[in-house]
Amino acid sequence: MTAIARRIVLTVAAAALGAAVLPGCGAKGRRDLPLNVTTVDPHTAPVVSGSRSNIYHLSSCLYARDIPGEELLGYRTPQEAEQTNRSPCAVCKPKERFVAPEEEAKPNE
């Protein structure tokens, strides 16, 4: 079985099981994501990464703004991004500076 045929069989099997097929998976030069990892809308996600990148960023990071829209992946937390074997950006330090939306809404006591 060729690599392309194997990829098609795996994709069809994953879709039959209800797994999401993520944009860019399997395209040459792009990193495949585990099928059990789901991404959120990258335009509203607090943590983002490029599909060709090993680095994840806070959505407000200068370098996150340079990721082309078709390659943008969104995550709810830095931990979700790390599940895809990505490392935190050294500039925006998302692992240290991330504040969950629930924590932002709580009033200071």
# chains A, B, ... in the order shown; residues from 1 in each chain; ligands from 1
>>> residues_around(residues="Cys92 (chain A)", least_positions_apart="2", cutoff="8 Å", atoms="only C-alpha atoms", output="NGL selection string")
:A and (57-58 or 61 or 89-90 or 94 or 97)
>>> residues_around(residues="Asn85 (chain A)", least_positions_apart="2", cutoff="9 Å", atoms="only C-alpha atoms", output="JSON, numbers by chain")
{"A": [33, 54, 55, 81, 82, 83, 87]}
>>> write_last_selection(atoms="N, CA and C atoms", output="CSV table (one decimal), in the first residue's frame")
chain,number,residue,atom,x,y,z
A,33,LEU,N,-1.1,16.5,13.3
A,33,LEU,CA,-1.5,16.6,14.7
A,33,LEU,C,-2.2,15.3,15.1
A,54,ASN,N,6.8,24.7,15.3
A,54,ASN,CA,7.0,23.9,16.6
A,54,ASN,C,6.7,24.8,17.8
A,55,ILE,N,6.4,26.1,17.5
A,55,ILE,CA,6.3,27.1,18.6
A,55,ILE,C,4.8,27.5,18.7
A,81,ALA,N,-1.6,23.1,23.6
A,81,ALA,CA,-0.6,23.3,22.5
A,81,ALA,C,0.6,22.3,22.8
A,82,GLU,N,0.9,22.1,24.0
A,82,GLU,CA,2.1,21.2,24.3
A,82,GLU,C,1.7,19.8,24.0
A,83,GLN,N,0.4,19.4,24.0
A,83,GLN,CA,0.0,18.0,23.7
A,83,GLN,C,0.3,17.7,22.2
A,87,SER,N,6.5,23.9,21.5
A,87,SER,CA,7.2,24.6,22.6
A,87,SER,C,6.7,26.0,22.8
>>> closest_residue(among="A:Thr44, A:Arg52, A:Tyr63, A:Lys95", to="Pro78 (chain A)", atoms="only C-alpha atoms")
A:Lys95
>>> select_by_dssp(residues="region 46-103 of chain A", states="strand (DSSP E)", output="MDAnalysis selection string")
chainID A and resid 47:50 55:58 72:75 87:88
>>> write_last_selection(atoms="N, CA and C atoms", output="mmCIF file, in the first residue's frame")
data_model
loop_
_atom_site.group_PDB
_atom_site.id
_atom_site.type_symbol
_atom_site.label_atom_id
_atom_site.label_comp_id
_atom_site.auth_asym_id
_atom_site.auth_seq_id
_atom_site.Cartn_x
_atom_site.Cartn_y
_atom_site.Cartn_z
ATOM 1 N N VAL A 47 -4.427 31.018 22.702
ATOM 2 C CA VAL A 47 -3.116 30.459 22.382
ATOM 3 C C VAL A 47 -3.161 29.979 20.939
ATOM 4 N N VAL A 48 -2.138 30.326 20.151
ATOM 5 C CA VAL A 48 -2.124 29.967 18.734
ATOM 6 C C VAL A 48 -0.768 29.417 18.314
ATOM 7 N N SER A 49 -0.781 28.734 17.179
ATOM 8 C CA SER A 49 0.435 28.214 16.572
ATOM 9 C C SER A 49 0.202 28.128 15.073
ATOM 10 N N GLY A 50 1.285 28.038 14.330
ATOM 11 C CA GLY A 50 1.190 27.794 12.898
ATOM 12 C C GLY A 50 1.274 26.300 12.640
ATOM 13 N N ILE A 55 6.400 26.073 17.542
ATOM 14 C CA ILE A 55 6.265 27.073 18.605
ATOM 15 C C ILE A 55 4.803 27.506 18.736
ATOM 16 N N TYR A 56 4.339 27.706 19.993
ATOM 17 C CA TYR A 56 3.017 28.287 20.210
ATOM 18 C C TYR A 56 3.170 29.630 20.911
ATOM 19 N N HIS A 57 2.176 30.505 20.729
ATOM 20 C CA HIS A 57 2.230 31.891 21.195
ATOM 21 C C HIS A 57 0.916 32.294 21.863
ATOM 22 N N LEU A 58 0.976 33.348 22.673
ATOM 23 C CA LEU A 58 -0.244 34.035 23.072
ATOM 24 C C LEU A 58 -0.781 34.713 21.825
ATOM 25 N N LEU A 72 -3.049 29.008 10.672
ATOM 26 C CA LEU A 72 -3.301 29.320 12.078
ATOM 27 C C LEU A 72 -4.112 28.225 12.770
ATOM 28 N N LEU A 73 -3.610 27.753 13.920
ATOM 29 C CA LEU A 73 -4.297 26.779 14.749
ATOM 30 C C LEU A 73 -4.533 27.412 16.113
ATOM 31 N N GLY A 74 -5.682 27.175 16.720
ATOM 32 C CA GLY A 74 -5.996 27.764 18.017
ATOM 33 C C GLY A 74 -6.147 26.722 19.108
ATOM 34 N N TYR A 75 -5.757 27.100 20.322
ATOM 35 C CA TYR A 75 -5.847 26.221 21.490
ATOM 36 C C TYR A 75 -6.450 26.998 22.651
ATOM 37 N N SER A 87 6.495 23.939 21.539
ATOM 38 C CA SER A 87 7.199 24.591 22.644
ATOM 39 C C SER A 87 6.727 26.028 22.767
ATOM 40 N N PRO A 88 6.808 26.613 23.988
ATOM 41 C CA PRO A 88 6.362 27.995 24.165
ATOM 42 C C PRO A 88 7.314 28.996 23.518
#
>>> atom_distance(atom1="CA of Ser59 (chain A)", atom2="CA of Thr84 (chain A)")
17.2 Å
>>> atom_distance(atom1="CA of Pro46 (chain A)", atom2="CA of Arg76 (chain A)")
6.2 Å
